[in-house]
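Working notes, structure below.
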Amino acid sequence: MLRNKGNRIIPYNDLWLDCIKNNLISMLIAFDDSYKDIILHAGVKYHYKLQIQQFNYVGEEDKFYDEGFFTPKVMFSLDLLDQLVEKKSFTFRNNDSNHVDGFLKASLDEGYFIFLRVDRFFYPKGREAGKYHMEHPVFIYGYDDTQKCYQTIEDCMIPGTMDYFPLPVSAVQTSCRSFIESGKEIEVILCKPNDRSKGRLNKVTPLYEAIKMCKESLAEGEYGTEFNLLYYTGLKGLSIFATEFVELFARMVEPSLFKMRVMQFEQLHQRNINLVQYLARHDYIETTNANALCRQYHDLREKWGFFKRKSFEFIARRKLRNSSLLENRRDLQMLADHLFVIVQQEEDAVNSLQSICELFVQNKDRFEHG
């Protein structure tokens with residue numbers, strides 16, 4: 001018997017937000033195809049962590065250099081998800097793992113999707129399987145009785161890429177027993193689209209989020225805090241990263257996070273192309289302006305793609321040599337120079353988008369109050 005309340009669900013890989021948001025978007029699109037545009041309603045910021053600051057614990061600074069945490073990232077805020085999704089949280093303590101299994105299957109039969117905290121160490125395959133412990137909320141959308149496995153969507157094989165992943169019940173049970181023996185709770189979140197979700201997207205929101213994104217990108221000297229650590233916001237952080245890239249790349253040991261974050265920028269500019277086309281379809285910007293903007297964002301996407309490919313080549317070359325020696329500095333400096341070109345084009349595109357969107361708002365206000 002195949003229990004699957006989400007048989008139309010497709011992994012969401014247009015953009016990497018995080019493992020929870022990506023799966024919630026997959027769930028919503030399966031419920032209503034109009035949610036394919038939900039990412040256009042997101043707030044967007046660039047974050048670049050400061051190298052000189054007070055870290056939280058001894059060794060954190062070294063960890064950040066080794067694992068690429070000083071790579072800039074794209075931050076998405078999508079509070080709208082909380083309004084569109086019904087959630088119920090449960091914790092299990094000192095329960096038999098079979099009881100958890102029964103609860104999960106019953107919840108799937110009731111039409112819920114599930115986030116279950118598991119330890120990927122017990123997975124049959126994947127980056128962490130059998131190597132090191134990593135607690136993680138796996139997304140379960142179904143169950144296959146014949147294969148004795150949960151149907152999940154995971155990025156355990158390739159960081160930042162969601163894919164179907166059959167997760168054996170035995171792996172889940174072993175993880176649950178490990179939590180119980182360690183005195184930890186087994187956390188479960190049931191979720192499904194809110195009954196009032198259909199048609200809840202406000203079509204004008206992407207226009208105002210676009211303006212907000214532009215202003216925050218261009219703001220000078222803006223800082224933020226995350227986990228008690230300071231970071232730059234906007235294009236200033238990208239510019240500093242270009243200056244520091246060669247040394248940061250040389251100190252990086254584990255590149256998974258670097259790869260995921262670099263990939264985000266290429267994905268973001270495809271999203272920005274879709275955003276501009278959306279604004280044109282709804283007559284917020286003129287077609288001529290939209291075409292010019294799309295060309296700018298297409299060029300940015302291509303330039304980030306080049307940076308991604310070349311930096312990944314350097315990483316592969318280093319792995320092949322089994323060496324952490326600094327790459328040819330001339331090649332790395334070429335990539336750093338490429339980043340400076342990207343930053344300038346990012347600024348040009350942001351200025352263009354902001355002026356065109358604000359022009360519409362100004363004309364709209366004059367019309368309504370004239």
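Identifiers in the structure tokens: chain A, B, ... in order shown; residue index from 1 per chain; ligand index from 1 in order shown.
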
Quiz item: Please, which residues of segment 111-268 of chain A, numbered as in this document, come out strand (DSSP E) from DSSP, as a PyMOL selection string?
Solution: chain A and resi 113-119+135-144+149-154+163-168+186-193+223-226+229-233

Could you pull the residues within 9 Å of Tyr123 of chain A, counting only C-alpha atoms, minus those fewer than 6 positions along the same chain, as a PDB file with N, CA and C atoms, in the first residue's frame?
ATOM      1  N   ALA A 129      25.938  10.509   6.258  1.00  0.00           N
ATOM      2  CA  ALA A 129      25.621   9.120   6.603  1.00  0.00           C
ATOM      3  C   ALA A 129      26.852   8.359   7.103  1.00  0.00           C
ATOM      4  N   GLY A 130      26.791   7.910   8.359  1.00  0.00           N
ATOM      5  CA  GLY A 130      27.863   7.122   8.933  1.00  0.00           C
ATOM      6  C   GLY A 130      29.138   7.892   9.204  1.00  0.00           C
ATOM      7  N   LEU A 167      13.504   7.275   2.620  1.00  0.00           N
ATOM      8  CA  LEU A 167      14.167   7.159   3.922  1.00  0.00           C
ATOM      9  C   LEU A 167      13.616   5.935   4.660  1.00  0.00           C
ATOM     10  N   PRO A 168      14.434   4.897   4.843  1.00  0.00           N
ATOM     11  CA  PRO A 168      13.941   3.682   5.506  1.00  0.00           C
ATOM     12  C   PRO A 168      13.388   3.962   6.902  1.00  0.00           C
ATOM     13  N   ALA A 171      15.919   3.577   9.631  1.00  0.00           N
ATOM     14  CA  ALA A 171      16.825   4.701   9.895  1.00  0.00           C
ATOM     15  C   ALA A 171      16.167   5.710  10.827  1.00  0.00           C
ATOM     16  N   VAL A 172      14.880   5.953  10.613  1.00  0.00           N
ATOM     17  CA  VAL A 172      14.138   6.879  11.479  1.00  0.00           C
ATOM     18  C   VAL A 172      14.053   6.314  12.890  1.00  0.00           C
ATOM     19  N   SER A 175      17.346   6.655  14.684  1.00  0.00           N
ATOM     20  CA  SER A 175      17.556   8.043  15.068  1.00  0.00           C
ATOM     21  C   SER A 175      16.727   8.383  16.303  1.00  0.00           C
TER      22      SER A 175
END

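Between atom CA of Asn363 of chain A and atom CA of Ala290 of chain A the separation is 17.3 Å.
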
Quiz item: Which residues, written as a list in words, have at least one atom at most 8 Å from Phe241 of chain A, with only C-alpha atoms counted and residues fewer than 4 positions away on the same chain left out?
Solution: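 Answer for this query is Tyr48, Thr71, Pro72, Gly237 and Phe245 of chain A.
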
Quiz item: Which one is closest to Pro193 of chain A: A:Tyr208, A:Tyr297, A:Phe55, A:Phe113? Count only C-alpha atoms.
Solution: A:Phe113

Self-check item: atom CA of Leu81 of chain A to atom CA of His298 of chain A, straight-line distance in Å
Solution: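 Taking atom CA of His298 of chain A as the start and atom CA of Leu81 of chain A as the end point, the length is 28.3 Å.
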
Could you pull out all residues of segment 50-285 of chain A with a DSSP call of helix (DSSP H, G or I) and give them as a short mmCIF file (atom, residue, chain, number, x, y, z; two decimals) with N, CA and C atoms, in the first residue's frame?
data_model
loop_
_atom_site.label_atom_id
_atom_site.label_comp_id
_atom_site.auth_asym_id
_atom_site.auth_seq_id
_atom_site.Cartn_x
_atom_site.Cartn_y
_atom_site.Cartn_z
N GLU A 60 35.43 29.32 16.96
CA GLU A 60 34.40 29.66 15.99
C GLU A 60 35.00 30.40 14.79
N GLU A 61 35.94 31.29 15.05
CA GLU A 61 36.55 32.04 13.95
C GLU A 61 37.26 31.10 12.99
N ASP A 62 38.02 30.14 13.51
CA ASP A 62 38.71 29.17 12.64
C ASP A 62 37.71 28.34 11.85
N LYS A 63 36.63 27.95 12.50
CA LYS A 63 35.59 27.18 11.82
C LYS A 63 35.02 27.97 10.65
N PHE A 64 34.81 29.27 10.85
CA PHE A 64 34.24 30.10 9.80
C PHE A 64 35.18 30.21 8.59
N TYR A 65 36.48 30.32 8.86
CA TYR A 65 37.43 30.34 7.75
C TYR A 65 37.48 28.98 7.05
N ASP A 66 37.55 27.91 7.83
CA ASP A 66 37.68 26.57 7.26
C ASP A 66 36.48 26.18 6.40
N GLU A 67 35.27 26.56 6.85
CA GLU A 67 34.05 26.07 6.21
C GLU A 67 33.36 27.11 5.33
N LEU A 80 5.12 35.60 4.96
CA LEU A 80 3.84 35.20 4.38
C LEU A 80 3.59 33.70 4.58
N LEU A 81 4.65 32.90 4.62
CA LEU A 81 4.47 31.46 4.79
C LEU A 81 3.71 31.12 6.06
N ASP A 82 3.96 31.88 7.12
CA ASP A 82 3.28 31.62 8.40
C ASP A 82 1.77 31.83 8.29
N GLN A 83 1.36 32.72 7.38
CA GLN A 83 -0.06 32.98 7.20
C GLN A 83 -0.73 31.93 6.32
N LEU A 84 0.06 31.27 5.49
CA LEU A 84 -0.49 30.35 4.50
C LEU A 84 -0.48 28.90 4.94
N SER A 97 10.00 3.93 19.65
CA SER A 97 10.08 4.48 18.30
C SER A 97 8.94 3.99 17.41
N ASN A 98 8.36 2.81 17.74
CA ASN A 98 7.21 2.33 16.97
C ASN A 98 6.00 3.23 17.15
N HIS A 99 5.88 3.83 18.35
CA HIS A 99 4.77 4.76 18.60
C HIS A 99 4.90 5.99 17.71
N VAL A 100 6.13 6.49 17.56
CA VAL A 100 6.37 7.64 16.67
C VAL A 100 6.02 7.26 15.24
N ASP A 101 6.43 6.08 14.81
CA ASP A 101 6.14 5.61 13.46
C ASP A 101 4.63 5.58 13.21
N GLY A 102 3.87 5.07 14.16
CA GLY A 102 2.41 5.02 14.02
C GLY A 102 1.81 6.42 13.95
N PHE A 103 2.33 7.33 14.76
CA PHE A 103 1.85 8.71 14.75
C PHE A 103 2.10 9.37 13.40
N LEU A 104 3.29 9.16 12.83
CA LEU A 104 3.63 9.76 11.54
C LEU A 104 2.71 9.24 10.43
N LYS A 105 2.48 7.92 10.42
CA LYS A 105 1.63 7.34 9.37
C LYS A 105 0.20 7.83 9.49
N ALA A 106 -0.30 7.90 10.73
CA ALA A 106 -1.67 8.39 10.94
C ALA A 106 -1.80 9.84 10.49
N SER A 107 -0.77 10.64 10.75
CA SER A 107 -0.80 12.05 10.35
C SER A 107 -0.78 12.19 8.83
N LEU A 108 0.00 11.36 8.15
CA LEU A 108 0.01 11.37 6.68
C LEU A 108 -1.36 11.01 6.14
N ASP A 109 -2.01 10.02 6.76
CA ASP A 109 -3.36 9.61 6.32
C ASP A 109 -4.37 10.74 6.51
N ARG A 120 21.03 12.72 10.60
CA ARG A 120 21.43 12.19 9.30
C ARG A 120 22.55 11.16 9.38
N PHE A 121 23.20 11.06 10.53
CA PHE A 121 24.24 10.04 10.70
C PHE A 121 23.69 8.65 10.39
N PHE A 122 22.39 8.43 10.66
CA PHE A 122 21.78 7.11 10.52
C PHE A 122 21.15 6.88 9.14
N VAL A 169 12.30 3.28 7.23
CA VAL A 169 11.73 3.41 8.57
C VAL A 169 12.76 3.03 9.61
N SER A 170 13.59 2.03 9.30
CA SER A 170 14.61 1.58 10.26
C SER A 170 15.59 2.71 10.61
N ALA A 171 15.92 3.58 9.63
CA ALA A 171 16.82 4.70 9.89
C ALA A 171 16.17 5.71 10.83
N VAL A 172 14.88 5.95 10.61
CA VAL A 172 14.14 6.88 11.48
C VAL A 172 14.05 6.31 12.89
N GLN A 173 13.76 5.02 13.00
CA GLN A 173 13.64 4.41 14.33
C GLN A 173 14.98 4.45 15.08
N THR A 174 16.07 4.19 14.37
CA THR A 174 17.39 4.24 15.01
C THR A 174 17.70 5.65 15.49
N SER A 175 17.35 6.66 14.68
CA SER A 175 17.56 8.04 15.07
C SER A 175 16.73 8.38 16.30
N CYS A 176 15.46 7.95 16.32
CA CYS A 176 14.59 8.22 17.47
C CYS A 176 15.14 7.59 18.74
N ARG A 177 15.61 6.34 18.64
CA ARG A 177 16.17 5.67 19.82
C ARG A 177 17.41 6.42 20.32
N SER A 178 18.21 6.90 19.38
CA SER A 178 19.41 7.65 19.76
C SER A 178 19.05 8.92 20.53
N PHE A 179 18.02 9.63 20.06
CA PHE A 179 17.57 10.83 20.76
C PHE A 179 17.10 10.49 22.17
N ILE A 180 16.28 9.45 22.28
CA ILE A 180 15.72 9.07 23.58
C ILE A 180 16.82 8.67 24.55
N GLU A 181 17.79 7.88 24.05
CA GLU A 181 18.89 7.43 24.91
C GLU A 181 19.77 8.61 25.35
N THR A 205 2.38 43.34 -3.96
CA THR A 205 3.49 43.17 -3.00
C THR A 205 4.86 43.09 -3.68
N PRO A 206 5.03 42.33 -4.78
CA PRO A 206 6.36 42.27 -5.40
C PRO A 206 6.92 43.63 -5.81
N LEU A 207 6.06 44.57 -6.19
CA LEU A 207 6.51 45.91 -6.56
C LEU A 207 7.18 46.59 -5.37
N TYR A 208 6.52 46.57 -4.22
CA TYR A 208 7.06 47.27 -3.05
C TYR A 208 8.24 46.52 -2.43
N GLU A 209 8.24 45.19 -2.55
CA GLU A 209 9.40 44.44 -2.08
C GLU A 209 10.61 44.71 -2.97
N ALA A 210 10.37 44.94 -4.28
CA ALA A 210 11.47 45.27 -5.19
C ALA A 210 12.11 46.60 -4.81
N ILE A 211 11.28 47.59 -4.49
CA ILE A 211 11.79 48.90 -4.08
C ILE A 211 12.58 48.78 -2.78
N LYS A 212 12.03 48.03 -1.84
CA LYS A 212 12.71 47.84 -0.56
C LYS A 212 14.05 47.15 -0.75
N MET A 213 14.09 46.13 -1.61
CA MET A 213 15.34 45.41 -1.90
C MET A 213 16.39 46.37 -2.46
N CYS A 214 15.97 47.24 -3.36
CA CYS A 214 16.91 48.18 -3.97
C CYS A 214 17.48 49.15 -2.93
N LYS A 215 16.61 49.71 -2.10
CA LYS A 215 17.06 50.66 -1.08
C LYS A 215 18.04 50.02 -0.12
N GLU A 216 17.76 48.80 0.31
CA GLU A 216 18.64 48.12 1.26
C GLU A 216 19.96 47.71 0.61
N SER A 217 19.94 47.44 -0.68
CA SER A 217 21.18 47.09 -1.39
C SER A 217 22.11 48.28 -1.49
N LEU A 218 21.54 49.46 -1.66
CA LEU A 218 22.34 50.67 -1.89
C LEU A 218 22.70 51.40 -0.60
N LEU A 235 25.24 45.91 -1.04
CA LEU A 235 26.35 45.76 -1.97
C LEU A 235 27.70 46.07 -1.35
N LYS A 236 27.70 46.80 -0.24
CA LYS A 236 28.96 47.10 0.44
C LYS A 236 29.68 45.80 0.83
N GLY A 237 28.91 44.84 1.32
CA GLY A 237 29.50 43.57 1.72
C GLY A 237 30.10 42.82 0.55
N LEU A 238 29.43 42.86 -0.62
CA LEU A 238 29.97 42.20 -1.81
C LEU A 238 31.29 42.84 -2.23
N SER A 239 31.36 44.15 -2.13
CA SER A 239 32.57 44.87 -2.51
C SER A 239 33.73 44.48 -1.59
N ILE A 240 33.46 44.37 -0.29
CA ILE A 240 34.50 43.97 0.66
C ILE A 240 34.93 42.52 0.41
N PHE A 241 33.97 41.67 0.10
CA PHE A 241 34.28 40.27 -0.21
C PHE A 241 35.22 40.18 -1.41
N ALA A 242 35.00 41.01 -2.43
CA ALA A 242 35.87 41.01 -3.60
C ALA A 242 37.31 41.35 -3.19
N THR A 243 37.43 42.30 -2.26
CA THR A 243 38.76 42.70 -1.78
C THR A 243 39.44 41.57 -1.01
N GLU A 244 38.66 40.81 -0.26
CA GLU A 244 39.22 39.79 0.63
C GLU A 244 39.16 38.38 0.06
N PHE A 245 38.64 38.24 -1.16
CA PHE A 245 38.35 36.92 -1.72
C PHE A 245 39.56 35.99 -1.78
N VAL A 246 40.70 36.49 -2.28
CA VAL A 246 41.86 35.63 -2.49
C VAL A 246 42.29 34.96 -1.19
N GLU A 247 42.39 35.73 -0.11
CA GLU A 247 42.84 35.16 1.16
C GLU A 247 41.78 34.25 1.77
N LEU A 248 40.51 34.62 1.65
CA LEU A 248 39.45 33.78 2.19
C LEU A 248 39.40 32.44 1.48
N PHE A 249 39.53 32.47 0.15
CA PHE A 249 39.48 31.24 -0.63
C PHE A 249 40.65 30.33 -0.26
N ALA A 250 41.82 30.94 -0.03
CA ALA A 250 43.02 30.16 0.30
C ALA A 250 42.87 29.45 1.64
N ARG A 251 42.13 30.05 2.58
CA ARG A 251 42.00 29.48 3.93
C ARG A 251 40.86 28.47 4.03
N SER A 256 31.56 23.14 0.88
CA SER A 256 30.13 22.92 0.62
C SER A 256 29.31 24.19 0.80
N LEU A 257 29.55 24.92 1.89
CA LEU A 257 28.78 26.14 2.17
C LEU A 257 29.10 27.22 1.13
N PHE A 258 30.37 27.34 0.78
CA PHE A 258 30.77 28.30 -0.26
C PHE A 258 30.00 28.02 -1.55
N LYS A 259 29.95 26.77 -1.96
CA LYS A 259 29.26 26.40 -3.20
C LYS A 259 27.78 26.76 -3.14
N MET A 260 27.15 26.46 -2.02
CA MET A 260 25.72 26.73 -1.87
C MET A 260 25.43 28.23 -1.96
N ARG A 261 26.27 29.03 -1.30
CA ARG A 261 26.01 30.47 -1.27
C ARG A 261 26.30 31.12 -2.63
N VAL A 262 27.35 30.69 -3.31
CA VAL A 262 27.63 31.24 -4.64
C VAL A 262 26.50 30.91 -5.60
N MET A 263 25.98 29.70 -5.50
CA MET A 263 24.87 29.27 -6.34
C MET A 263 23.65 30.17 -6.16
N GLN A 264 23.45 30.66 -4.92
CA GLN A 264 22.30 31.51 -4.62
C GLN A 264 22.25 32.76 -5.50
N PHE A 265 23.41 33.37 -5.75
CA PHE A 265 23.43 34.63 -6.50
C PHE A 265 23.00 34.41 -7.95
N GLU A 266 23.45 33.32 -8.54
CA GLU A 266 23.01 32.99 -9.90
C GLU A 266 21.51 32.76 -9.92
N GLN A 267 21.00 32.01 -8.94
CA GLN A 267 19.56 31.75 -8.86
C GLN A 267 18.78 33.04 -8.62
N LEU A 268 19.32 33.92 -7.76
CA LEU A 268 18.63 35.17 -7.44
C LEU A 268 18.36 35.99 -8.70
N HIS A 269 19.33 36.05 -9.60
CA HIS A 269 19.14 36.91 -10.77
C HIS A 269 18.19 36.30 -11.79
N GLN A 270 18.03 34.98 -11.79
CA GLN A 270 16.93 34.40 -12.56
C GLN A 270 15.61 34.79 -11.92
N ARG A 271 15.57 34.80 -10.60
CA ARG A 271 14.37 35.26 -9.88
C ARG A 271 14.09 36.71 -10.22
N ASN A 272 15.14 37.55 -10.32
CA ASN A 272 14.94 38.95 -10.64
C ASN A 272 14.42 39.14 -12.07
N ILE A 273 14.85 38.29 -12.99
CA ILE A 273 14.30 38.31 -14.35
C ILE A 273 12.80 38.01 -14.28
N ASN A 274 12.45 36.98 -13.51
CA ASN A 274 11.02 36.62 -13.35
C ASN A 274 10.25 37.75 -12.69
N LEU A 275 10.89 38.43 -11.73
CA LEU A 275 10.25 39.57 -11.05
C LEU A 275 9.94 40.69 -12.05
N VAL A 276 10.91 41.05 -12.87
CA VAL A 276 10.71 42.12 -13.85
C VAL A 276 9.60 41.75 -14.83
N GLN A 277 9.60 40.50 -15.28
CA GLN A 277 8.54 40.05 -16.20
C GLN A 277 7.18 40.09 -15.52
N TYR A 278 7.13 39.74 -14.26
CA TYR A 278 5.88 39.82 -13.49
C TYR A 278 5.39 41.27 -13.42
N LEU A 279 6.30 42.19 -13.10
CA LEU A 279 5.93 43.61 -13.00
C LEU A 279 5.42 44.14 -14.33
N ALA A 280 6.01 43.68 -15.42
CA ALA A 280 5.57 44.12 -16.75
C ALA A 280 4.19 43.56 -17.07
N ARG A 281 3.96 42.29 -16.73
CA ARG A 281 2.66 41.67 -16.99
C ARG A 281 1.53 42.40 -16.28
#

Quiz item: So, counting only C-alpha atoms, which residue among A:Glu222, A:Asp337, A:Asp18, A:Glu86 is closest to Asp195 of chain A?
Solution: A:Glu86

Practice problem: Find, counting only C-alpha atoms, the residue in A:Glu346, A:Glu286, A:Asp331, A:Asp163 that gets nearest to Arg301 of chain A. | Solution: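 Nearest to Arg301 of chain A: A:Glu346.
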
Quiz item: So how far away is atom CA of Phe115 of chain A from atom CA of Ser89 of chain A, in Å?
Solution: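 Value for the atom CA of Ser89 of chain A-atom CA of Phe115 of chain A distance: 9.4 Å.
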
Self-check item: Residue with smallest distance to Lys203 of chain A - pool A:Asp79, A:Asp32, A:Asp37, A:Glu185, counting only C-alpha atoms
Solution: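 Closest residue, counting only C-alpha atoms: A:Asp37.
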
Quiz item: Which residues come within 12 Å of Glu313 of chain A, counting only C-alpha atoms, excluding same-chain residues fewer than 5 positions away, as a PyMOL selection string?
Solution: chain A and resi 255+259+306-308+318-320+327+331-332+335

Same residues, N, CA and C atoms, saved as a CSV table (one decimal), in the first residue's frame:
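For reference, result_21.csv as written:
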chain,number,residue,atom,x,y,z
A,255,PRO,N,34.4,23.2,1.2
A,255,PRO,CA,33.8,24.2,0.3
A,255,PRO,C,32.2,24.1,0.2
A,259,LYS,N,29.9,26.8,-2.0
A,259,LYS,CA,29.3,26.4,-3.2
A,259,LYS,C,27.8,26.8,-3.1
A,306,PHE,N,29.7,32.3,-14.3
A,306,PHE,CA,31.2,32.2,-14.7
A,306,PHE,C,32.0,32.1,-13.4
A,307,PHE,N,31.7,33.0,-12.4
A,307,PHE,CA,32.4,32.9,-11.1
A,307,PHE,C,32.2,31.6,-10.4
A,308,LYS,N,31.0,31.1,-10.5
A,308,LYS,CA,30.7,29.8,-9.9
A,308,LYS,C,31.5,28.7,-10.5
A,318,ARG,N,42.1,21.6,-6.4
A,318,ARG,CA,42.8,21.5,-5.1
A,318,ARG,C,42.5,20.1,-4.5
A,319,LYS,N,41.3,19.6,-4.6
A,319,LYS,CA,41.0,18.3,-4.1
A,319,LYS,C,41.8,17.2,-4.8
A,320,LEU,N,41.9,17.3,-6.1
A,320,LEU,CA,42.7,16.4,-6.9
A,320,LEU,C,44.1,16.3,-6.5
A,327,GLU,N,46.1,28.5,-4.6
A,327,GLU,CA,46.0,28.3,-6.0
A,327,GLU,C,46.9,29.4,-6.7
A,331,ASP,N,45.4,33.5,-11.1
A,331,ASP,CA,44.0,33.1,-11.4
A,331,ASP,C,43.0,33.5,-10.4
A,332,LEU,N,43.4,33.4,-9.1
A,332,LEU,CA,42.4,33.9,-8.1
A,332,LEU,C,42.2,35.4,-8.1
A,335,LEU,N,39.6,36.2,-10.6
A,335,LEU,CA,38.2,36.0,-10.1
A,335,LEU,C,37.8,37.1,-9.2

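Within 8 Å of segment 136-140 of chain A, once only C-alpha atoms are used and residues closer than 4 positions along the same chain are dropped, the contacting residues are A:Cys19, A:Ile20, A:Asn23, A:Phe113, A:Ile114, A:Phe115, A:Leu116, A:Arg117, A:Val118, A:Asp119, A:Arg120, A:Tyr150, A:Gln151, A:Thr152, A:Ile153, A:Glu154.
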
Write the residues of the selection above to a file with N, CA and C atoms, as a PDB file, in the first residue's frame.
ATOM      1  N   CYS A  19      16.091  24.505   4.139  1.00  0.00           N
ATOM      2  CA  CYS A  19      15.414  23.222   3.922  1.00  0.00           C
ATOM      3  C   CYS A  19      13.940  23.266   4.314  1.00  0.00           C
ATOM      4  N   ILE A  20      13.565  24.152   5.229  1.00  0.00           N
ATOM      5  CA  ILE A  20      12.152  24.247   5.617  1.00  0.00           C
ATOM      6  C   ILE A  20      11.364  25.072   4.608  1.00  0.00           C
ATOM      7  N   ASN A  23      10.765  23.406   1.195  1.00  0.00           N
ATOM      8  CA  ASN A  23       9.756  22.345   1.215  1.00  0.00           C
ATOM      9  C   ASN A  23       8.346  22.873   1.429  1.00  0.00           C
ATOM     10  N   PHE A 113       1.568  17.069   5.940  1.00  0.00           N
ATOM     11  CA  PHE A 113       2.976  16.896   5.623  1.00  0.00           C
ATOM     12  C   PHE A 113       3.730  17.030   6.947  1.00  0.00           C
ATOM     13  N   ILE A 114       4.950  16.514   6.999  1.00  0.00           N
ATOM     14  CA  ILE A 114       5.626  16.395   8.288  1.00  0.00           C
ATOM     15  C   ILE A 114       7.072  16.869   8.205  1.00  0.00           C
ATOM     16  N   PHE A 115       7.468  17.633   9.215  1.00  0.00           N
ATOM     17  CA  PHE A 115       8.889  17.866   9.478  1.00  0.00           C
ATOM     18  C   PHE A 115       9.241  17.081  10.735  1.00  0.00           C
ATOM     19  N   LEU A 116      10.174  16.144  10.607  1.00  0.00           N
ATOM     20  CA  LEU A 116      10.602  15.314  11.728  1.00  0.00           C
ATOM     21  C   LEU A 116      12.091  15.536  11.951  1.00  0.00           C
ATOM     22  N   ARG A 117      12.454  15.859  13.188  1.00  0.00           N
ATOM     23  CA  ARG A 117      13.880  16.031  13.486  1.00  0.00           C
ATOM     24  C   ARG A 117      14.549  14.666  13.572  1.00  0.00           C
ATOM     25  N   VAL A 118      15.540  14.476  12.713  1.00  0.00           N
ATOM     26  CA  VAL A 118      16.283  13.219  12.663  1.00  0.00           C
ATOM     27  C   VAL A 118      17.780  13.530  12.694  1.00  0.00           C
ATOM     28  N   ASP A 119      18.566  12.481  12.871  1.00  0.00           N
ATOM     29  CA  ASP A 119      20.023  12.584  12.808  1.00  0.00           C
ATOM     30  C   ASP A 119      20.472  11.923  11.504  1.00  0.00           C
ATOM     31  N   ARG A 120      21.026  12.721  10.602  1.00  0.00           N
ATOM     32  CA  ARG A 120      21.430  12.190   9.301  1.00  0.00           C
ATOM     33  C   ARG A 120      22.548  11.158   9.382  1.00  0.00           C
ATOM     34  N   TYR A 150       9.815   6.020   4.331  1.00  0.00           N
ATOM     35  CA  TYR A 150       9.115   7.291   4.208  1.00  0.00           C
ATOM     36  C   TYR A 150       9.542   7.953   2.903  1.00  0.00           C
ATOM     37  N   GLN A 151       8.600   8.632   2.275  1.00  0.00           N
ATOM     38  CA  GLN A 151       8.924   9.410   1.077  1.00  0.00           C
ATOM     39  C   GLN A 151       9.246  10.823   1.536  1.00  0.00           C
ATOM     40  N   THR A 152      10.458  11.254   1.280  1.00  0.00           N
ATOM     41  CA  THR A 152      10.899  12.552   1.759  1.00  0.00           C
ATOM     42  C   THR A 152      11.493  13.365   0.611  1.00  0.00           C
ATOM     43  N   ILE A 153      11.662  14.663   0.881  1.00  0.00           N
ATOM     44  CA  ILE A 153      12.425  15.549  -0.012  1.00  0.00           C
ATOM     45  C   ILE A 153      13.583  16.089   0.810  1.00  0.00           C
ATOM     46  N   GLU A 154      14.804  15.866   0.343  1.00  0.00           N
ATOM     47  CA  GLU A 154      16.015  16.130   1.115  1.00  0.00           C
ATOM     48  C   GLU A 154      17.076  16.796   0.243  1.00  0.00           C
TER      49      GLU A 154
END

Quiz item: Using only C-alpha atoms, which of A:Glu254, A:Thr146, A:Val341, A:Tyr112 sits nearest Gly68 of chain A?
Solution: A:Glu254

Self-check item: Selected residue, from A:Cys149, A:Val44, A:Leu24, A:Val253, that lies nearest to Lys192 of chain A when counting only C-alpha atoms
Solution: A:Leu24
